[in-house]
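Visitor: Just so it is clear, I am handing over entry-v5.txt, which has compact mmCIF, C-alpha atoms.
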```txt
# COMPACT_ATOMS: atom_id res chain seq x y z
CA MET A 277 -1.31 -0.86 -17.09
CA SER A 278 -2.69 -0.06 -13.63
CA GLY A 279 0.39 2.00 -12.67
CA PRO A 280 0.09 4.62 -15.45
CA ILE A 281 -3.70 4.78 -15.02
CA ASP A 282 -3.36 5.25 -11.27
CA ARG A 283 -0.89 8.10 -11.74
CA LEU A 284 -3.06 9.76 -14.36
CA LEU A 285 -6.17 9.51 -12.19
CA SER A 286 -4.36 10.72 -9.10
CA ASP A 287 -2.99 13.81 -10.83
CA PHE A 288 -6.29 14.54 -12.55
CA LEU A 289 -8.34 14.18 -9.36
CA ASP A 290 -5.94 16.32 -7.35
CA THR A 291 -6.61 19.11 -9.84
CA GLN A 292 -10.37 18.59 -9.76
CA VAL A 293 -10.49 18.60 -5.95
CA ASP A 294 -8.38 21.78 -5.85
CA GLU A 295 -10.88 23.43 -8.21
CA LEU A 296 -13.75 22.39 -5.95
CA VAL A 297 -12.05 23.87 -2.91
CA GLU A 298 -11.61 27.14 -4.79
CA LEU A 299 -15.39 27.22 -5.26
CA ASP A 300 -15.95 26.62 -1.55
CA PRO A 301 -13.78 24.88 1.08
CA ALA A 302 -16.83 22.87 2.24
CA LEU A 303 -16.65 20.94 -1.05
CA ALA A 304 -13.35 19.36 -0.02
CA THR A 305 -15.18 16.54 1.76
CA VAL A 306 -17.11 15.32 -1.26
CA GLY A 307 -14.14 15.74 -3.61
CA ARG A 308 -11.86 13.76 -1.34
CA GLU A 309 -14.43 10.98 -0.99
CA ILE A 310 -14.48 10.51 -4.77
CA ALA A 311 -10.70 10.60 -4.99
CA GLY A 312 -10.40 8.26 -2.02
CA LEU A 313 -12.71 5.69 -3.59
CA VAL A 314 -10.69 5.73 -6.81
CA ALA A 315 -7.41 5.40 -4.89
CA ALA A 316 -8.75 2.57 -2.70
CA GLY A 317 -8.23 0.02 -5.42
CA GLY A 318 -10.21 -1.89 -7.97
CA LYS A 319 -8.89 -4.15 -10.69
CA ARG A 320 -8.67 -1.44 -13.39
CA LEU A 321 -10.04 -4.02 -15.81
CA ARG A 322 -12.07 -1.52 -17.81
CA PRO A 323 -9.10 0.77 -18.56
CA ALA A 324 -7.09 -2.30 -19.53
CA PHE A 325 -9.77 -3.36 -21.99
CA VAL A 326 -9.79 0.15 -23.50
CA TYR A 327 -6.03 0.03 -23.96
CA TRP A 328 -5.95 -3.45 -25.47
CA GLY A 329 -8.97 -2.74 -27.67
CA HIS A 330 -6.83 -0.02 -29.22
CA ARG A 331 -3.81 -2.32 -29.57
CA ALA A 332 -6.04 -5.00 -31.12
CA THR A 333 -6.41 -2.76 -34.17
CA GLY A 334 -2.68 -3.16 -34.75
CA ALA A 335 -1.86 0.24 -33.26
CA ASP A 336 1.33 0.83 -31.32
CA HIS A 337 1.34 2.04 -27.74
CA ASP A 338 -0.10 5.54 -27.48
CA HIS A 339 -0.01 7.29 -24.12
CA ALA A 340 -3.00 9.42 -25.19
CA VAL A 341 -5.24 6.33 -24.93
CA LEU A 342 -4.81 6.46 -21.15
CA HIS A 343 -7.17 9.44 -20.94
CA PRO A 344 -10.18 7.58 -22.42
CA ALA A 345 -9.18 4.55 -20.36
CA GLY A 346 -9.16 6.67 -17.20
CA ALA A 347 -12.51 8.19 -18.18
CA VAL A 348 -14.05 4.73 -18.15
CA GLU A 349 -12.66 4.15 -14.65
CA LEU A 350 -14.18 7.43 -13.44
CA LEU A 351 -17.49 6.39 -14.98
CA HIS A 352 -17.17 3.17 -13.00
CA THR A 353 -16.63 5.25 -9.87
CA PHE A 354 -19.89 7.08 -10.57
CA ALA A 355 -21.66 3.74 -10.99
CA LEU A 356 -20.22 2.32 -7.75
CA ILE A 357 -21.29 5.35 -5.70
CA HIS A 358 -24.86 5.17 -6.99
CA ASP A 359 -24.92 1.37 -6.80
CA ASP A 360 -24.07 1.48 -3.11
CA VAL A 361 -26.98 3.86 -2.53
CA MET A 362 -29.38 1.62 -4.45
CA ASP A 363 -28.16 -1.52 -2.70
CA ARG A 364 -27.89 0.18 0.71
CA SER A 365 -24.32 -1.10 0.98
CA ASP A 366 -22.33 0.38 3.84
CA GLU A 367 -18.87 -0.54 2.56
CA ARG A 368 -16.92 -0.44 -0.67
CA ARG A 369 -13.30 -1.50 -1.20
CA GLY A 370 -12.76 -1.94 2.52
CA ARG A 371 -13.84 1.61 3.38
CA PRO A 372 -17.19 3.25 4.15
CA ALA A 373 -19.34 3.71 1.07
CA VAL A 374 -19.58 7.37 0.04
CA HIS A 375 -23.10 7.79 1.40
CA SER A 376 -21.97 6.28 4.73
CA ALA A 377 -18.91 8.55 4.87
CA LEU A 378 -21.01 11.63 4.14
CA THR A 379 -23.50 10.59 6.83
CA THR A 380 -20.61 10.60 9.30
CA ALA A 381 -19.35 13.92 7.92
CA HIS A 382 -22.78 15.46 8.53
CA ALA A 383 -22.49 14.62 12.23
CA ASP A 384 -18.81 15.55 12.47
CA GLU A 385 -19.47 18.98 10.97
CA GLY A 386 -22.36 19.63 13.35
CA LEU A 387 -24.96 20.07 10.61
CA ALA A 388 -28.67 20.09 11.36
CA GLY A 389 -31.14 17.65 9.82
CA ASP A 390 -31.16 13.94 9.01
CA PRO A 391 -27.55 12.67 8.64
CA ALA A 392 -28.53 9.54 6.68
CA TRP A 393 -30.62 11.45 4.16
CA PHE A 394 -27.82 13.99 3.78
CA GLY A 395 -25.45 11.10 3.07
CA VAL A 396 -27.73 9.68 0.38
CA GLY A 397 -28.25 13.05 -1.29
CA GLY A 398 -24.56 13.88 -1.09
CA ALA A 399 -23.58 10.52 -2.59
CA ILE A 400 -25.94 11.00 -5.53
CA LEU A 401 -24.28 14.35 -6.22
CA ALA A 402 -20.81 12.85 -5.72
CA GLY A 403 -21.62 10.20 -8.31
CA ASP A 404 -22.89 12.89 -10.69
CA LEU A 405 -19.64 14.79 -10.22
CA ALA A 406 -17.57 11.69 -11.04
CA PHE A 407 -19.72 11.33 -14.17
CA VAL A 408 -18.89 14.91 -15.23
CA TRP A 409 -15.20 14.40 -14.49
CA ALA A 410 -15.20 11.30 -16.69
CA ASP A 411 -16.40 13.46 -19.59
CA ARG A 412 -13.72 16.05 -18.86
CA LEU A 413 -10.95 13.45 -18.81
CA LEU A 414 -12.15 11.93 -22.09
CA ASP A 415 -12.20 15.37 -23.73
CA GLU A 416 -8.59 15.98 -22.66
CA ALA A 417 -7.31 13.05 -24.73
CA ALA A 418 -4.71 14.20 -27.27
CA VAL A 419 -6.14 12.17 -30.15
CA PRO A 420 -7.47 13.20 -33.59
CA VAL A 421 -10.89 14.81 -33.54
CA ASP A 422 -12.50 12.09 -35.67
CA ALA A 423 -11.11 9.38 -33.38
CA LEU A 424 -12.44 11.18 -30.31
CA GLU A 425 -15.87 11.49 -31.95
CA ARG A 426 -15.92 7.74 -32.65
CA ALA A 427 -14.88 7.02 -29.08
CA ARG A 428 -17.51 9.35 -27.66
CA ARG A 429 -20.27 7.54 -29.56
CA VAL A 430 -19.20 4.27 -27.93
CA PHE A 431 -18.86 6.01 -24.55
CA THR A 432 -22.42 7.29 -24.83
CA GLN A 433 -23.72 3.85 -25.74
CA LEU A 434 -21.85 2.38 -22.77
CA ARG A 435 -23.45 4.89 -20.39
CA VAL A 436 -26.98 4.34 -21.69
CA GLU A 437 -26.62 0.57 -21.45
CA VAL A 438 -25.23 0.49 -17.92
CA MET A 439 -28.01 2.74 -16.58
CA ALA A 440 -30.63 0.71 -18.42
CA GLY A 441 -29.12 -2.44 -16.94
CA GLN A 442 -29.11 -0.97 -13.43
CA TYR A 443 -32.77 -0.04 -13.68
CA LEU A 444 -33.68 -3.49 -14.99
CA ASP A 445 -31.67 -5.02 -12.15
CA LEU A 446 -33.67 -3.02 -9.61
CA ARG A 447 -36.89 -4.11 -11.28
CA LEU A 448 -35.81 -7.74 -11.56
CA ALA A 449 -35.48 -8.02 -7.77
CA GLY A 450 -39.22 -7.48 -7.43
CA ASP A 451 -40.30 -9.50 -10.47
CA ARG A 452 -41.57 -12.89 -9.37
CA GLY A 453 -41.98 -13.82 -13.02
CA ALA A 454 -38.28 -13.30 -13.68
CA ASP A 455 -36.66 -15.87 -15.95
CA GLU A 456 -33.15 -16.63 -17.18
CA GLU A 457 -33.57 -14.60 -20.35
CA ARG A 458 -34.23 -11.44 -18.34
CA ALA A 459 -31.40 -12.21 -15.93
CA ARG A 460 -28.98 -12.66 -18.82
CA ARG A 461 -30.10 -9.39 -20.38
CA VAL A 462 -29.43 -7.57 -17.12
CA ALA A 463 -26.04 -9.27 -16.75
CA LEU A 464 -25.08 -8.30 -20.29
CA LEU A 465 -26.14 -4.66 -20.00
CA LYS A 466 -25.14 -3.72 -16.46
CA SER A 467 -21.92 -5.70 -16.37
CA GLY A 468 -20.85 -7.64 -19.46
CA ARG A 469 -20.85 -4.94 -22.10
CA TYR A 470 -20.12 -2.19 -19.60
CA THR A 471 -17.07 -4.00 -18.25
CA VAL A 472 -15.59 -5.59 -21.35
CA THR A 473 -17.25 -5.19 -24.76
CA ARG A 474 -17.82 -1.44 -24.88
CA PRO A 475 -14.43 -0.54 -23.35
CA LEU A 476 -12.80 -2.74 -26.00
CA GLN A 477 -14.81 -1.04 -28.74
CA LEU A 478 -14.01 2.38 -27.32
CA GLY A 479 -10.31 1.61 -27.53
CA ALA A 480 -10.70 0.21 -31.05
CA ALA A 481 -12.57 3.35 -32.10
CA LEU A 482 -9.41 5.32 -31.32
CA GLY A 483 -7.54 3.26 -33.91
CA GLU A 484 -7.84 3.42 -37.66
CA GLU A 485 -9.32 -0.03 -38.26
CA GLY A 486 -11.59 -0.61 -35.29
CA SER A 487 -14.61 -1.70 -37.34
CA ALA A 488 -12.67 -4.54 -39.01
CA ILE A 489 -12.35 -6.41 -35.72
CA ASP A 490 -15.62 -5.32 -34.14
CA ASP A 491 -17.26 -8.76 -34.48
CA VAL A 492 -14.27 -10.44 -32.84
CA LEU A 493 -14.19 -7.95 -29.97
CA THR A 494 -17.94 -8.33 -29.46
CA SER A 495 -17.72 -12.13 -29.36
CA TYR A 496 -14.79 -12.04 -26.95
CA GLY A 497 -16.20 -9.19 -24.86
CA ASP A 498 -19.71 -10.58 -24.40
CA ALA A 499 -18.29 -13.95 -23.38
CA VAL A 500 -15.85 -12.49 -20.84
CA GLY A 501 -18.46 -10.02 -19.62
CA LEU A 502 -21.08 -12.67 -18.94
CA ALA A 503 -18.53 -14.87 -17.20
CA PHE A 504 -17.42 -11.86 -15.13
CA GLN A 505 -20.98 -11.20 -13.98
CA LEU A 506 -21.62 -14.88 -13.22
CA ARG A 507 -18.50 -14.91 -11.06
CA ASP A 508 -19.73 -11.75 -9.36
CA ASP A 509 -23.05 -13.47 -8.63
CA VAL A 510 -21.25 -16.44 -7.11
CA LEU A 511 -19.03 -14.19 -4.99
CA GLY A 512 -22.10 -12.20 -3.94
CA LEU A 513 -23.29 -15.32 -2.10
CA PHE A 514 -20.10 -17.21 -1.30
CA GLY A 515 -17.30 -14.64 -1.39
CA ASP A 516 -15.18 -13.35 1.48
CA PRO A 517 -16.23 -9.74 2.22
CA ALA A 518 -12.59 -8.91 3.00
CA GLU A 519 -11.72 -9.80 -0.60
CA THR A 520 -14.87 -8.73 -2.46
CA GLY A 521 -15.22 -5.39 -0.68
CA LYS A 522 -18.93 -5.87 0.05
CA GLY A 523 -21.07 -7.84 2.49
CA ALA A 524 -21.85 -11.50 1.82
CA THR A 525 -25.59 -11.10 2.49
CA GLU A 526 -26.25 -8.00 0.37
CA ASP A 527 -27.46 -9.81 -2.75
CA LEU A 528 -29.88 -11.91 -0.70
CA ARG A 529 -31.06 -8.91 1.29
CA GLU A 530 -31.69 -6.98 -1.90
CA GLY A 531 -33.57 -9.94 -3.34
CA LYS A 532 -31.38 -10.06 -6.44
CA ARG A 533 -32.74 -12.62 -8.88
CA THR A 534 -29.47 -13.46 -10.52
CA LEU A 535 -29.13 -16.37 -12.89
CA LEU A 536 -27.61 -18.31 -9.98
CA VAL A 537 -30.63 -17.66 -7.76
CA LEU A 538 -33.12 -18.31 -10.55
CA ARG A 539 -31.54 -21.69 -11.24
CA ALA A 540 -31.66 -22.54 -7.54
CA LEU A 541 -35.37 -21.68 -7.48
CA ALA A 542 -35.93 -23.81 -10.59
CA PHE A 543 -33.87 -26.80 -9.44
CA ALA A 544 -34.75 -26.93 -5.72
CA GLY A 545 -37.53 -29.03 -4.21
CA GLU A 546 -40.74 -27.39 -3.09
CA ALA A 547 -39.74 -26.86 0.53
CA ASP A 548 -36.29 -25.48 -0.29
CA ARG A 549 -37.78 -23.26 -2.99
CA ALA A 550 -40.21 -21.78 -0.46
CA THR A 551 -37.37 -21.22 2.02
CA LEU A 552 -35.22 -19.47 -0.57
CA GLU A 553 -38.14 -17.31 -1.75
CA ALA A 554 -38.79 -16.27 1.86
CA THR A 555 -35.12 -15.36 2.31
CA LEU A 556 -34.89 -13.09 -0.72
CA GLY A 557 -35.48 -9.45 0.11
CA GLN A 558 -35.32 -9.75 3.92
CA ASP A 559 -34.16 -6.38 5.27
CA HIS A 560 -32.64 -7.88 8.42
CA LEU A 561 -31.23 -11.15 7.18
CA GLY A 562 -29.43 -13.23 9.78
CA GLU A 563 -26.35 -15.32 9.06
CA ASP A 564 -28.19 -18.57 9.80
CA ASP A 565 -30.84 -17.81 7.19
CA ALA A 566 -28.19 -16.70 4.73
CA ASP A 567 -26.22 -19.91 5.28
CA ARG A 568 -29.39 -21.95 4.68
CA ALA A 569 -30.00 -20.11 1.42
CA ARG A 570 -26.42 -20.76 0.32
CA GLN A 571 -26.81 -24.45 1.09
CA ILE A 572 -29.96 -24.60 -1.02
CA VAL A 573 -28.06 -23.04 -3.93
CA VAL A 574 -25.38 -25.73 -3.57
CA ASP A 575 -27.68 -28.70 -2.96
CA SER A 576 -29.97 -27.81 -5.84
CA GLY A 577 -27.09 -28.03 -8.30
CA ALA A 578 -27.45 -24.38 -9.28
CA LEU A 579 -23.92 -23.46 -8.28
CA ARG A 580 -22.46 -26.36 -10.26
CA SER A 581 -24.50 -25.49 -13.37
CA VAL A 582 -23.49 -21.82 -13.24
CA GLU A 583 -19.83 -22.77 -12.85
CA ARG A 584 -20.16 -24.91 -16.00
CA LEU A 585 -21.75 -22.01 -17.89
CA LEU A 586 -19.02 -19.70 -16.64
CA SER A 587 -16.32 -22.08 -17.86
CA ALA A 588 -17.98 -22.37 -21.27
CA GLN A 589 -18.01 -18.59 -21.68
CA HIS A 590 -14.38 -18.43 -20.59
CA GLU A 591 -13.44 -20.97 -23.26
CA ARG A 592 -15.45 -19.08 -25.88
CA ALA A 593 -13.50 -15.92 -25.05
CA HIS A 594 -10.18 -17.74 -25.48
CA GLU A 595 -11.29 -19.01 -28.88
CA ALA A 596 -12.37 -15.54 -30.04
CA ALA A 597 -9.07 -14.00 -28.95
CA GLN A 598 -7.15 -16.24 -31.33
CA ALA A 599 -8.30 -14.08 -34.25
CA LEU A 600 -6.53 -11.01 -32.84
CA PRO A 601 -2.95 -9.90 -33.53
CA GLU A 602 -0.16 -10.05 -30.98
CA PRO A 603 0.51 -8.62 -28.45
CA ALA A 604 -3.23 -7.95 -27.98
CA ARG A 605 -4.08 -11.65 -28.29
CA ALA A 606 -1.93 -12.74 -25.35
CA ALA A 607 -2.93 -9.73 -23.26
CA LEU A 608 -6.65 -10.34 -23.77
CA VAL A 609 -6.32 -14.05 -22.99
CA GLU A 610 -4.66 -13.06 -19.71
CA LEU A 611 -7.31 -10.42 -19.02
CA ALA A 612 -10.05 -12.99 -19.61
CA ASP A 613 -8.42 -15.25 -17.02
CA ARG A 614 -8.12 -12.39 -14.53
CA ALA A 615 -11.69 -11.23 -15.07
CA VAL A 616 -13.19 -14.69 -14.66
CA ALA A 617 -11.06 -15.58 -11.64
CA ARG A 618 -11.41 -12.02 -10.25
CA ILE A 619 -7.64 -11.79 -9.76
CA GLU A 620 -6.30 -8.40 -8.69
```
Rewrite the coordinates I just gave you, this time as structure tokens.

Guide:
Amino acid sequence: MSGPIDRLLSDFLDTQVDELVELDPALATVGREIAGLVAAGGKRLRPAFVYWGHRATGADHDHAVLHPAGAVELLHTFALIHDDVMDRSDERRGRPAVHSALTTAHADEGLAGDPAWFGVGGAILAGDLAFVWADRLLDEAAVPVDALERARRVFTQLRVEVMAGQYLDLRLAGDRGADEERARRVALLKSGRYTVTRPLQLGAALGEEGSAIDDVLTSYGDAVGLAFQLRDDVLGLFGDPAETGKGATEDLREGKRTLLVLRALAFAGEADRATLEATLGQDHLGEDDADRARQIVVDSGALRSVERLLSAQHERAHEAAQALPEPARAALVELADRAVARIE
């Protein structure tokens, strides 16, 4: 699946960058940053869910589905670029984040003004451009008009939900009254449905009988999506930056009140709770303080409880997939395993 998507995206982005350069050669830098981020990797899970959502309707392979699948990956690129600005992350996929790269480009090109602010502004515009390109790629799909209209309705819902989830995530970091219900809502909107459920439904909308399996896809997708986000939260504290593509202290520095952190705050003793609260949101967090926070998460039992919840959601997804026809059933069971384990 990733091979055809990669080729489609590469060819499409080459054309888009060439068009930018025709407008003005100075645009080459921003175009190449977008294309470079896409080419740098990623699991291509969202395109895979689009494809297998379509096959779950009983449809045969249709190469035209790759265009909507690629559009979802470009939308993800938009989200990553903006997310790195919001989280002040310097790296993504083992390379400088787009705002960091454009900060460097500002200096290299001898421009006047504040390089960092130029980088932030340029990255916002780069993300917007990836958003527009996602629309263009979706519109190029050689599918019936009514199918494309159904898919676009799902695509619009996906975009509204992910931006709503991102805003709520920003707000949650500063909400000392945050609880698990709010954390789950954020996880579902900004990650779960955006990563799994809506891509599946988008693919199904391209088939003739998507609505007949909508409940099954929703049950499967929400379970995998929540498990995916819970694994992301765990890796945000305990993952290897060389494998995750982002720093291991970023979630703590941003004060993210994930379900994992909220459980640690609820389960920890008074002294450890105070220490963890003081750690969250520190702009210049040292490794020693980060290690202490991680130990509190482990000692409190929060990590163990989240791993149990993650496993339960994984099992729920496997059960839901049994109602789907082959070969979609086997493919989605495998995708659930990959998503939860974060296997490339």

Visitor: Please indicate the distance in Å from atom CA of A:Glu309 to atom CA of A:Tyr443, rounded to one decimal place.

Guide: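 Distance between the two atoms: 24.9 Å.
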
Visitor: Using only C-alpha atoms, determine which residues lie at most 6 Å from stretch 352-360 of chain A, disregarding the query and same-chain residues fewer than 2 positions distant; provide the list as an MDAnalysis selection string.

Guide: chainID A and resid 349:350 362:365 403 406:407

Visitor: Can you work out which one of A:Val492, A:Val582, A:Val421, A:Ile310 has the shortest atom-to-atom distance to A:Leu296, counting all atoms listed in the file?

Guide: A:Ile310

Visitor: Please list, as an mmCIF file with C-alpha atoms, in the frame of the given file, the residues that have an atom at most 12 Å away from (-11.6, 6.5, -5.8) in the coordinates of this file, counting all atoms listed in the file.

Guide:
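So the final result, stored in part_30.cif, reads:
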```cif
data_model
loop_
_atom_site.group_PDB
_atom_site.id
_atom_site.type_symbol
_atom_site.label_atom_id
_atom_site.label_comp_id
_atom_site.auth_asym_id
_atom_site.auth_seq_id
_atom_site.Cartn_x
_atom_site.Cartn_y
_atom_site.Cartn_z
ATOM 1 C CA ASP A 282 -3.360 5.250 -11.270
ATOM 2 C CA LEU A 285 -6.170 9.510 -12.190
ATOM 3 C CA SER A 286 -4.360 10.720 -9.100
ATOM 4 C CA PHE A 288 -6.290 14.540 -12.550
ATOM 5 C CA LEU A 289 -8.340 14.180 -9.360
ATOM 6 C CA ASP A 290 -5.940 16.320 -7.350
ATOM 7 C CA VAL A 306 -17.110 15.320 -1.260
ATOM 8 C CA GLY A 307 -14.140 15.740 -3.610
ATOM 9 C CA ARG A 308 -11.860 13.760 -1.340
ATOM 10 C CA GLU A 309 -14.430 10.980 -0.990
ATOM 11 C CA ILE A 310 -14.480 10.510 -4.770
ATOM 12 C CA ALA A 311 -10.700 10.600 -4.990
ATOM 13 C CA GLY A 312 -10.400 8.260 -2.020
ATOM 14 C CA LEU A 313 -12.710 5.690 -3.590
ATOM 15 C CA VAL A 314 -10.690 5.730 -6.810
ATOM 16 C CA ALA A 315 -7.410 5.400 -4.890
ATOM 17 C CA ALA A 316 -8.750 2.570 -2.700
ATOM 18 C CA GLY A 317 -8.230 0.020 -5.420
ATOM 19 C CA GLY A 318 -10.210 -1.890 -7.970
ATOM 20 C CA ARG A 320 -8.670 -1.440 -13.390
ATOM 21 C CA GLY A 346 -9.160 6.670 -17.200
ATOM 22 C CA GLU A 349 -12.660 4.150 -14.650
ATOM 23 C CA LEU A 350 -14.180 7.430 -13.440
ATOM 24 C CA LEU A 351 -17.490 6.390 -14.980
ATOM 25 C CA HIS A 352 -17.170 3.170 -13.000
ATOM 26 C CA THR A 353 -16.630 5.250 -9.870
ATOM 27 C CA PHE A 354 -19.890 7.080 -10.570
ATOM 28 C CA ALA A 355 -21.660 3.740 -10.990
ATOM 29 C CA LEU A 356 -20.220 2.320 -7.750
ATOM 30 C CA ILE A 357 -21.290 5.350 -5.700
ATOM 31 C CA ARG A 368 -16.920 -0.440 -0.670
ATOM 32 C CA ARG A 369 -13.300 -1.500 -1.200
ATOM 33 C CA GLY A 370 -12.760 -1.940 2.520
ATOM 34 C CA ARG A 371 -13.840 1.610 3.380
ATOM 35 C CA PRO A 372 -17.190 3.250 4.150
ATOM 36 C CA ALA A 373 -19.340 3.710 1.070
ATOM 37 C CA VAL A 374 -19.580 7.370 0.040
ATOM 38 C CA ALA A 402 -20.810 12.850 -5.720
ATOM 39 C CA GLY A 403 -21.620 10.200 -8.310
ATOM 40 C CA ALA A 406 -17.570 11.690 -11.040
#
```

Visitor: One number please: atom CA of A:Phe543 to atom CA of A:Gly512, in Å, one decimal.

Guide: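 Between atom CA of A:Phe543 and atom CA of A:Gly512 the gap is 19.5 Å.
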
Visitor: Write out as a ChimeraX atom specification each polymer residue whose atoms come within 8 Å of stretch 544-546 of chain A, counting all atoms listed in the file; drop sequence neighbours fewer than 5 positions from it.

Guide: /A:572-573,575-576

Visitor: State, in Å with one decimal place, the distance from atom CA of A:Leu321 to atom CA of A:His343.

Guide: 14.7 Å

Visitor: Please report, as CSV, each residue of stretch 454-565 of chain A lying at most 8 Å from stretch 324-335 of chain A, together with the nearest pair of atoms and the separation in Å rounded to one decimal; use all atoms listed in the file, and order rows by chain and ascending residue number.

Guide:
```
residue,atom,partner,partner_atom,distance
A:Val472,CA,A:Phe325,CA,6.3
A:Pro475,CA,A:Val326,CA,4.7
A:Leu476,CA,A:Gly329,CA,4.2
A:Gln477,CA,A:Gly329,CA,6.2
A:Leu478,CA,A:Val326,CA,6.1
A:Gly479,CA,A:His330,CA,4.2
A:Ala480,CA,A:His330,CA,4.3
A:Ala481,CA,A:His330,CA,7.3
A:Leu482,CA,A:His330,CA,6.3
A:Gly483,CA,A:His330,CA,5.8
A:Glu484,CA,A:Thr333,CA,7.2
A:Glu485,CA,A:Thr333,CA,5.7
A:Gly486,CA,A:Thr333,CA,5.7
A:Ile489,CA,A:Thr333,CA,7.1
A:Leu493,CA,A:Gly329,CA,7.7
```

Visitor: Keeping C-alpha atoms, export the residues of the selection given above as a PDB file, keeping the file's coordinate frame.

Guide:
```pdb
ATOM      1  CA  VAL A 472     -15.590  -5.590 -21.350  1.00  0.00           C
ATOM      2  CA  PRO A 475     -14.430  -0.540 -23.350  1.00  0.00           C
ATOM      3  CA  LEU A 476     -12.800  -2.740 -26.000  1.00  0.00           C
ATOM      4  CA  GLN A 477     -14.810  -1.040 -28.740  1.00  0.00           C
ATOM      5  CA  LEU A 478     -14.010   2.380 -27.320  1.00  0.00           C
ATOM      6  CA  GLY A 479     -10.310   1.610 -27.530  1.00  0.00           C
ATOM      7  CA  ALA A 480     -10.700   0.210 -31.050  1.00  0.00           C
ATOM      8  CA  ALA A 481     -12.570   3.350 -32.100  1.00  0.00           C
ATOM      9  CA  LEU A 482      -9.410   5.320 -31.320  1.00  0.00           C
ATOM     10  CA  GLY A 483      -7.540   3.260 -33.910  1.00  0.00           C
ATOM     11  CA  GLU A 484      -7.840   3.420 -37.660  1.00  0.00           C
ATOM     12  CA  GLU A 485      -9.320  -0.030 -38.260  1.00  0.00           C
ATOM     13  CA  GLY A 486     -11.590  -0.610 -35.290  1.00  0.00           C
ATOM     14  CA  ILE A 489     -12.350  -6.410 -35.720  1.00  0.00           C
ATOM     15  CA  LEU A 493     -14.190  -7.950 -29.970  1.00  0.00           C
TER      16      LEU A 493
END
```

Visitor: Step by step: start from the point (-31.2, -6.5, -2.3) in the file's coordinates, keep every protein, DNA or RNA residue that has an atom no farther than 10 Å from it, count all atoms listed in the file, and write the set as a PyMOL selection string.

Guide: chain A and resi 362-365+445-446+449-450+525-533+556-559

Visitor: Once you have the residues from the selection above, write them out as a short mmCIF file (atom, residue, chain, number, x, y, z; two decimals), in the coordinates of the input, restricted to C-alpha atoms.

Guide:
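Saved result, result-v3.cif, follows:
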```cif
data_model
loop_
_atom_site.label_atom_id
_atom_site.label_comp_id
_atom_site.auth_asym_id
_atom_site.auth_seq_id
_atom_site.Cartn_x
_atom_site.Cartn_y
_atom_site.Cartn_z
CA MET A 362 -29.38 1.62 -4.45
CA ASP A 363 -28.16 -1.52 -2.70
CA ARG A 364 -27.89 0.18 0.71
CA SER A 365 -24.32 -1.10 0.98
CA ASP A 445 -31.67 -5.02 -12.15
CA LEU A 446 -33.67 -3.02 -9.61
CA ALA A 449 -35.48 -8.02 -7.77
CA GLY A 450 -39.22 -7.48 -7.43
CA THR A 525 -25.59 -11.10 2.49
CA GLU A 526 -26.25 -8.00 0.37
CA ASP A 527 -27.46 -9.81 -2.75
CA LEU A 528 -29.88 -11.91 -0.70
CA ARG A 529 -31.06 -8.91 1.29
CA GLU A 530 -31.69 -6.98 -1.90
CA GLY A 531 -33.57 -9.94 -3.34
CA LYS A 532 -31.38 -10.06 -6.44
CA ARG A 533 -32.74 -12.62 -8.88
CA LEU A 556 -34.89 -13.09 -0.72
CA GLY A 557 -35.48 -9.45 0.11
CA GLN A 558 -35.32 -9.75 3.92
CA ASP A 559 -34.16 -6.38 5.27
#
```

Visitor: For each of A:Ala596, A:Ala617, A:Leu608, A:Ala427, take the minimum atom-to-atom distance to A:Leu506, counting all atoms listed in the file, then give the residue where this is smallest.

Guide: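 Nearest candidate to A:Leu506 out of A:Ala596, A:Ala617, A:Leu608, A:Ala427: A:Ala617.
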
Visitor: Excluding same-chain residues fewer than 5 positions from A:Leu586, what lies within 9 Å of it counting all atoms listed in the file, as a ChimeraX atom specification?

Guide: /A:499-500,502-504,506-507,581,591,616

Visitor: Leaving out A:Gln505 and any residue of its chain fewer than 4 positions from it, which residues lie within 10 Å of it when counting only C-alpha atoms, given as a list in words?

Guide: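 These residues fall inside the cut-off: Arg460, Val462, Ala463, Leu464, Lys466, Ser467, Gly468, Thr471, Val500, Gly501, Asp509, Val510, Leu511, Thr534, Leu535, Leu586, Ala615 and Val616 of chain A.
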
Visitor: Name all residues at most 9 Å from A:Ser495 (count all atoms listed in the file; drop same-chain ones fewer than 6 positions away) and give them as number ranges by chain.

Guide: A: 473, 592-593, 596-597

Visitor: Counting only C-alpha atoms, which of A:Gln433, A:Val419, A:Asp565, A:Leu303 gets nearest to A:Asp338?

Guide: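 Closest residue, counting only C-alpha atoms: A:Val419.
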
Visitor: Go through A:Asp404, A:Asp294, A:Asp287, A:Asp336 and flag the residue nearest A:Pro603, using only C-alpha atoms for the distances.

Guide: A:Asp336
